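Participant: The following file, model_11.txt, comprises compact mmCIF, C-alpha atoms:
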# COMPACT_ATOMS: atom_id res chain seq x y z
CA MET A 610 -14.15 -4.58 -13.66
CA GLU A 611 -16.76 -2.54 -11.86
CA LYS A 612 -17.50 -4.94 -9.00
CA ILE A 613 -15.48 -7.79 -7.50
CA ALA A 614 -17.03 -9.74 -4.63
CA ILE A 615 -15.16 -11.87 -2.12
CA ILE A 616 -17.52 -14.10 -0.18
CA GLY A 617 -16.04 -15.45 3.04
CA VAL A 618 -13.13 -13.25 4.07
CA GLY A 619 -11.10 -15.59 6.26
CA ASN A 620 -7.37 -16.12 5.78
CA ILE A 621 -7.53 -16.90 2.06
CA GLY A 622 -10.18 -14.29 1.34
CA GLU A 623 -8.29 -11.58 3.18
CA ALA A 624 -5.03 -12.51 1.46
CA LEU A 625 -6.79 -12.12 -1.88
CA LEU A 626 -8.30 -8.81 -0.76
CA GLN A 627 -4.89 -7.51 0.31
CA GLY A 628 -3.32 -8.62 -2.96
CA LEU A 629 -5.99 -6.99 -5.09
CA ILE A 630 -5.61 -3.69 -3.28
CA ALA A 631 -1.81 -3.90 -3.49
CA SER A 632 -2.13 -4.47 -7.25
CA LYS A 633 -4.02 -1.17 -7.54
CA VAL A 634 -7.60 -2.42 -7.72
CA GLU A 635 -9.61 0.49 -6.37
CA PRO A 636 -11.25 -0.36 -3.01
CA HIS A 637 -14.62 0.97 -4.18
CA HIS A 638 -14.71 -1.83 -6.76
CA LEU A 639 -14.45 -4.45 -4.00
CA ILE A 640 -17.09 -5.88 -1.68
CA ALA A 641 -16.35 -8.47 0.99
CA THR A 642 -18.58 -10.63 3.15
CA CYS A 643 -18.11 -12.32 6.50
CA ARG A 644 -20.39 -13.60 9.23
CA SER A 645 -20.10 -11.03 12.02
CA GLU A 646 -20.87 -7.33 12.08
CA GLU A 647 -17.66 -6.75 14.05
CA ARG A 648 -15.61 -8.31 11.29
CA VAL A 649 -17.53 -6.31 8.67
CA ALA A 650 -16.66 -3.07 10.48
CA ALA A 651 -13.01 -4.09 10.80
CA LEU A 652 -12.68 -4.90 7.08
CA ALA A 653 -14.34 -1.64 6.04
CA GLU A 654 -12.03 0.36 8.30
CA ARG A 655 -8.83 -1.51 7.42
CA TYR A 656 -9.24 -1.65 3.64
CA ALA A 657 -11.81 1.06 2.84
CA VAL A 658 -13.91 -1.50 0.95
CA GLN A 659 -17.60 -2.26 1.08
CA ALA A 660 -18.27 -5.04 3.58
CA THR A 661 -21.45 -6.85 4.53
CA THR A 662 -22.85 -10.05 6.04
CA ASP A 663 -25.19 -10.39 3.04
CA ASN A 664 -23.84 -12.69 0.31
CA VAL A 665 -26.71 -11.81 -2.03
CA GLU A 666 -25.88 -8.11 -1.76
CA ALA A 667 -22.25 -8.89 -2.59
CA ALA A 668 -23.15 -11.00 -5.62
CA THR A 669 -25.60 -8.50 -7.07
CA ASP A 670 -24.27 -7.24 -10.43
CA ALA A 671 -20.75 -8.48 -9.61
CA ASP A 672 -18.42 -9.17 -12.52
CA VAL A 673 -16.58 -11.80 -10.46
CA VAL A 674 -17.55 -13.56 -7.25
CA PHE A 675 -14.68 -15.26 -5.41
CA LEU A 676 -16.02 -18.00 -3.14
CA CYS A 677 -13.53 -18.27 -0.27
CA VAL A 678 -15.61 -20.39 2.10
CA LYS A 679 -14.92 -23.94 3.31
CA PRO A 680 -15.47 -26.81 0.84
CA ASN A 681 -18.55 -28.04 2.71
CA GLN A 682 -20.12 -24.58 2.37
CA ILE A 683 -19.52 -23.98 -1.35
CA ILE A 684 -22.69 -25.62 -2.68
CA ASP A 685 -24.90 -23.93 -0.06
CA VAL A 686 -23.44 -20.50 -0.83
CA ILE A 687 -23.90 -21.01 -4.56
CA GLY A 688 -27.51 -22.00 -3.94
CA GLU A 689 -27.96 -18.86 -1.85
CA ILE A 690 -26.76 -16.53 -4.63
CA ALA A 691 -27.96 -18.55 -7.65
CA GLU A 692 -31.08 -16.49 -8.36
CA THR A 693 -29.15 -13.25 -8.05
CA VAL A 694 -26.38 -14.40 -10.38
CA ALA A 695 -28.95 -15.51 -12.95
CA SER A 696 -30.63 -12.10 -12.95
CA ASN A 697 -27.49 -9.94 -12.86
CA SER A 698 -27.11 -7.27 -15.51
CA VAL A 699 -23.56 -8.49 -16.24
CA PRO A 700 -22.30 -12.06 -16.86
CA THR A 701 -21.00 -13.02 -13.42
CA VAL A 702 -18.04 -15.41 -13.16
CA LEU A 703 -18.00 -17.62 -10.06
CA VAL A 704 -14.54 -18.55 -8.81
CA SER A 705 -14.26 -21.23 -6.12
CA MET A 706 -11.15 -21.14 -3.93
CA ALA A 707 -12.08 -24.36 -2.10
CA ALA A 708 -10.55 -27.81 -2.42
CA GLY A 709 -12.37 -30.84 -3.70
CA VAL A 710 -15.60 -29.39 -5.14
CA ASP A 711 -15.94 -30.18 -8.85
CA ILE A 712 -17.01 -27.62 -11.42
CA ALA A 713 -19.82 -29.95 -12.53
CA ASP A 714 -21.26 -29.98 -8.99
CA MET A 715 -21.09 -26.19 -8.85
CA GLU A 716 -22.75 -25.89 -12.27
CA GLU A 717 -25.57 -28.09 -11.01
CA ALA A 718 -25.93 -26.01 -7.84
CA ILE A 719 -26.14 -22.70 -9.72
CA SER A 720 -29.06 -24.11 -11.75
CA SER A 721 -28.88 -21.36 -14.40
CA ALA A 722 -27.35 -22.92 -17.51
CA GLY A 723 -24.32 -21.22 -18.96
CA THR A 724 -22.95 -19.63 -15.79
CA PRO A 725 -19.14 -19.36 -16.11
CA ILE A 726 -17.42 -21.12 -13.22
CA MET A 727 -13.73 -21.40 -12.40
CA ARG A 728 -11.99 -23.45 -9.77
CA VAL A 729 -8.79 -22.42 -7.97
CA MET A 730 -6.51 -24.37 -5.65
CA PRO A 731 -4.55 -21.74 -3.69
CA ASN A 732 -2.06 -22.21 -0.90
CA THR A 733 -1.28 -20.23 2.23
CA PRO A 734 1.88 -18.45 1.01
CA MET A 735 -0.55 -16.17 -0.81
CA LEU A 736 -0.80 -14.52 2.62
CA VAL A 737 2.58 -12.95 1.79
CA GLY A 738 2.01 -12.65 -1.97
CA LYS A 739 3.95 -15.84 -2.72
CA GLY A 740 1.14 -18.29 -3.35
CA VAL A 741 0.73 -20.82 -6.11
CA LEU A 742 -2.79 -20.68 -7.53
CA ALA A 743 -3.75 -23.52 -9.84
CA VAL A 744 -6.71 -22.58 -12.06
CA SER A 745 -9.22 -24.62 -14.05
CA ALA A 746 -11.94 -23.04 -16.17
CA GLY A 747 -15.39 -24.51 -16.75
CA ARG A 748 -16.95 -24.99 -20.16
CA TYR A 749 -18.88 -21.70 -20.11
CA VAL A 750 -15.89 -19.48 -19.31
CA GLU A 751 -14.87 -17.23 -22.19
CA ASP A 752 -11.17 -16.62 -22.85
CA GLU A 753 -11.53 -12.96 -21.92
CA GLN A 754 -13.15 -13.88 -18.61
CA ARG A 755 -10.47 -16.47 -17.82
CA GLU A 756 -7.69 -14.03 -18.57
CA ALA A 757 -9.30 -11.33 -16.43
CA VAL A 758 -9.67 -13.67 -13.44
CA GLU A 759 -6.12 -14.98 -13.81
CA LYS A 760 -4.82 -11.40 -13.88
CA LEU A 761 -6.65 -10.69 -10.62
CA LEU A 762 -5.22 -13.82 -9.03
CA THR A 763 -1.63 -12.86 -9.89
CA SER A 764 -1.96 -10.28 -7.12
CA ALA A 765 -1.58 -13.15 -4.64
CA GLY A 766 1.17 -15.18 -6.33
CA ARG A 767 1.92 -17.31 -9.35
CA VAL A 768 -0.99 -18.56 -11.44
CA VAL A 769 -0.78 -21.94 -13.17
CA ALA A 770 -3.47 -23.26 -15.53
CA VAL A 771 -4.23 -26.96 -15.04
CA PRO A 772 -6.90 -29.37 -16.30
CA GLU A 773 -9.53 -29.99 -13.66
CA LYS A 774 -8.73 -33.71 -13.54
CA ALA A 775 -5.33 -32.76 -12.09
CA MET A 776 -6.78 -30.76 -9.19
CA HIS A 777 -6.64 -33.55 -6.61
CA ALA A 778 -2.93 -34.04 -7.34
CA VAL A 779 -2.40 -30.28 -7.23
CA THR A 780 -4.10 -30.18 -3.83
CA ALA A 781 -1.71 -32.86 -2.57
CA LEU A 782 1.37 -31.12 -3.95
CA SER A 783 0.97 -27.35 -3.62
CA GLY A 784 -2.33 -26.90 -1.79
CA SER A 785 -1.23 -28.86 1.27
CA GLY A 786 2.48 -28.64 0.43
CA PRO A 787 3.34 -25.71 2.72
CA ALA A 788 2.37 -27.85 5.73
CA TYR A 789 4.97 -30.44 4.74
CA TYR A 790 7.70 -27.81 4.71
CA PHE A 791 6.49 -26.42 8.04
CA LEU A 792 6.61 -29.92 9.55
CA LEU A 793 10.14 -30.47 8.22
CA THR A 794 11.22 -27.12 9.67
CA GLU A 795 9.63 -28.01 13.01
CA ALA A 796 11.52 -31.31 13.01
CA LEU A 797 14.81 -29.53 12.20
CA ILE A 798 14.26 -27.16 15.11
CA ASP A 799 13.66 -30.05 17.50
CA ALA A 800 16.71 -31.84 16.12
CA GLY A 801 18.82 -28.74 16.71
CA VAL A 802 17.64 -28.60 20.32
CA ALA A 803 18.49 -32.31 20.70
CA LEU A 804 21.99 -31.49 19.45
CA GLY A 805 22.39 -28.87 22.18
CA LEU A 806 21.36 -25.63 20.50
CA PRO A 807 19.11 -23.13 22.30
CA ARG A 808 15.59 -23.29 20.83
CA ASP A 809 15.60 -19.68 19.65
CA LEU A 810 18.86 -20.22 17.77
CA ALA A 811 17.65 -23.54 16.32
CA THR A 812 14.46 -21.79 15.20
CA GLU A 813 16.37 -18.98 13.49
CA LEU A 814 18.73 -21.38 11.75
CA ALA A 815 15.98 -23.72 10.53
CA THR A 816 13.52 -21.07 9.38
CA GLN A 817 16.11 -18.96 7.57
CA THR A 818 17.55 -22.07 5.91
CA CYS A 819 14.05 -22.93 4.67
CA ALA A 820 13.53 -19.39 3.37
CA GLY A 821 16.92 -19.35 1.66
CA ALA A 822 16.43 -22.76 0.08
CA GLY A 823 13.06 -21.63 -1.25
CA ALA A 824 14.59 -18.50 -2.76
CA LEU A 825 17.28 -20.60 -4.45
CA LEU A 826 14.67 -22.95 -5.88
CA ASP A 827 12.67 -20.01 -7.16
CA GLN A 828 15.68 -18.75 -9.13
CA HIS A 829 17.07 -22.18 -10.07
CA PRO A 830 14.22 -24.75 -10.22
CA ASP A 831 16.54 -27.78 -10.19
CA PRO A 832 16.28 -29.47 -6.77
CA VAL A 833 18.51 -32.37 -7.81
CA GLY A 834 21.29 -30.04 -8.95
CA LEU A 835 20.99 -27.81 -5.89
CA ARG A 836 21.15 -30.80 -3.55
CA ALA A 837 24.18 -32.19 -5.39
CA ALA A 838 25.93 -28.82 -5.07
CA VAL A 839 25.97 -29.10 -1.27
CA SER A 840 26.64 -32.85 -1.15
CA SER A 841 30.41 -33.34 -1.20
CA PRO A 842 31.46 -36.98 -1.76
CA GLY A 843 31.79 -38.71 1.58
CA GLY A 844 30.82 -35.51 3.40
CA THR A 845 28.44 -34.52 6.15
CA THR A 846 25.47 -33.74 3.89
CA VAL A 847 25.75 -37.09 2.12
CA ALA A 848 25.73 -38.86 5.48
CA ALA A 849 22.52 -37.03 6.42
CA ILE A 850 20.85 -37.65 3.06
CA ARG A 851 21.63 -41.36 3.31
CA GLU A 852 19.90 -41.52 6.69
CA LEU A 853 16.86 -39.71 5.32
CA GLU A 854 16.62 -42.05 2.33
CA GLU A 855 17.11 -45.19 4.44
CA SER A 856 14.49 -43.93 6.88
CA GLY A 857 11.99 -43.79 4.02
CA LEU A 858 11.53 -40.03 3.60
CA ARG A 859 10.83 -40.28 -0.12
CA ALA A 860 8.36 -43.15 0.33
CA ALA A 861 6.63 -41.26 3.15
CA ILE A 862 6.10 -38.30 0.82
CA TYR A 863 4.58 -40.59 -1.82
CA ARG A 864 2.19 -42.02 0.80
CA ALA A 865 1.34 -38.61 2.26
CA THR A 866 0.49 -37.01 -1.09
CA ASP A 867 -1.54 -40.06 -2.10
CA ALA A 868 -3.51 -39.81 1.16
CA CYS A 869 -4.07 -36.10 0.56
CA ALA A 870 -5.29 -36.61 -3.02
CA THR A 871 -7.61 -39.41 -1.87
CA ARG A 872 -9.08 -37.16 0.81
CA SER A 873 -9.59 -34.39 -1.75
CA GLU A 874 -11.53 -36.79 -3.96
CA ALA A 875 -13.79 -37.66 -1.02
CA TYR A 876 -15.22 -34.13 -0.64
Could I get this file's structure written as structure tokens?

Facilitator:
Amino acid sequence: MEKIAIIGVGNIGEALLQGLIASKVEPHHLIATCRSEERVAALAERYAVQATTDNVEAATDADVVFLCVKPNQIIDVIGEIAETVASNSVPTVLVSMAAGVDIADMEEAISSAGTPIMRVMPNTPMLVGKGVLAVSAGRYVEDEQREAVEKLLTSAGRVVAVPEKAMHAVTALSGSGPAYYFLLTEALIDAGVALGLPRDLATELATQTCAGAGALLDQHPDPVGLRAAVSSPGGTTVAAIRELEESGLRAAIYRATDACATRSEAY
């Protein structure tokens, strides 16, 4: 690809930018936008890419435009670049990285019939190259375009193709999922302090346990089996698990993910 635009280089946009460069995409093929001139200068210096505050400039003759702005800004940004995309000399693929905005709404906002649009639900572990990026392709996306975009996204983590109707559930599970693990880790740290451990030691124990458990799951995706392996009959782990179950942990997760999916639908 000759030109890849990233509109809105915040946390997610910068993680994608870092991943693309790490995967050997040449910086001169990349152009990034953000709101302030100071941020533009910082991006240009740090990554040796083109950077600008002008979204239209970024979208001009771009093969792919990644939209990394907030959900409530997606439609406005598409409207801003719609005329440019329609007149580009190459077929530009728009890729939304925002939660909750349907492909149909984006197709309506672009106004030029036939524009290929894809929708991605990323999560924050892409900041360290360990994201999960769920991808849905619109009706005008050719197989070659879809494959090219998915290849670019693998620079930030694992790519999973899903039907768009599943996106709200995906948002509840993997999109917001890291926050659930962070909250659990925070609670474990506080519990360790309550048991008499110094906070720095409790933090190290809880965070490294989380990291190790994640690595085990990555290699052996069987949470039931892994839990059983550390749950000796009548032992300490079983006593803890019983308390968690009786306190309604599983039911709380059902309610939390349902609330998240409902909120995603409301965008």

Participant: Tell me which protein, DNA and RNA residues are within 8 Å of Pro680 (chain A), counting only C-alpha atoms, leaving out same-chain ones fewer than 5 positions away, and put them as a list in words.

Facilitator: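 Counting only C-alpha atoms, the residues come to Ala707, Ala708, Gly709, Val710 and Tyr876 of chain A.
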
Participant: Tell me which protein, DNA and RNA residues are within 7 Å of Thr701 (chain A), counting all atoms listed in the file, leaving out same-chain ones fewer than 3 positions away, and put them as a tab-separated table (two decimals) with C-alpha atoms, in the frame of the given file.

Facilitator:
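Once written, result19.tsv looks like this:
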chain	number	residue	atom	x	y	z
A	671	ALA	CA	-20.75	-8.48	-9.61
A	672	ASP	CA	-18.42	-9.17	-12.52
A	673	VAL	CA	-16.58	-11.80	-10.46
A	694	VAL	CA	-26.38	-14.40	-10.38

Participant: Compare A:Ala667, A:Ile621, A:Ala657, A:Val737 by their minimum atom-to-atom distance to Ala641 (chain A), counting all atoms listed in the file, and give me the closest one.

Facilitator: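 Of all the options, A:Ala667 lies closest to Ala641 (chain A).
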
Participant: Would you kindly return, as a list of chain:residue names, each protein, DNA or RNA residue with an atom no farther than 12 Å from any atom of Ala788 (chain A), considering only C-alpha atoms and excluding same-chain residues fewer than 6 positions away?

Facilitator: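 Contacts, with the query itself left out: A:Asn732, A:Thr733, A:Pro734, A:Thr780, A:Ala781, A:Leu782, A:Thr794, A:Glu795, A:Ala865, A:Thr866, A:Cys869.
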
Participant: Write out as a ChimeraX atom specification which residues come within 10 Å of region 819-821 of chain A when counting only C-alpha atoms, dropping same-chain ones fewer than 5 positions away.

Facilitator: /A:790-791,793-794,813-814,826-827
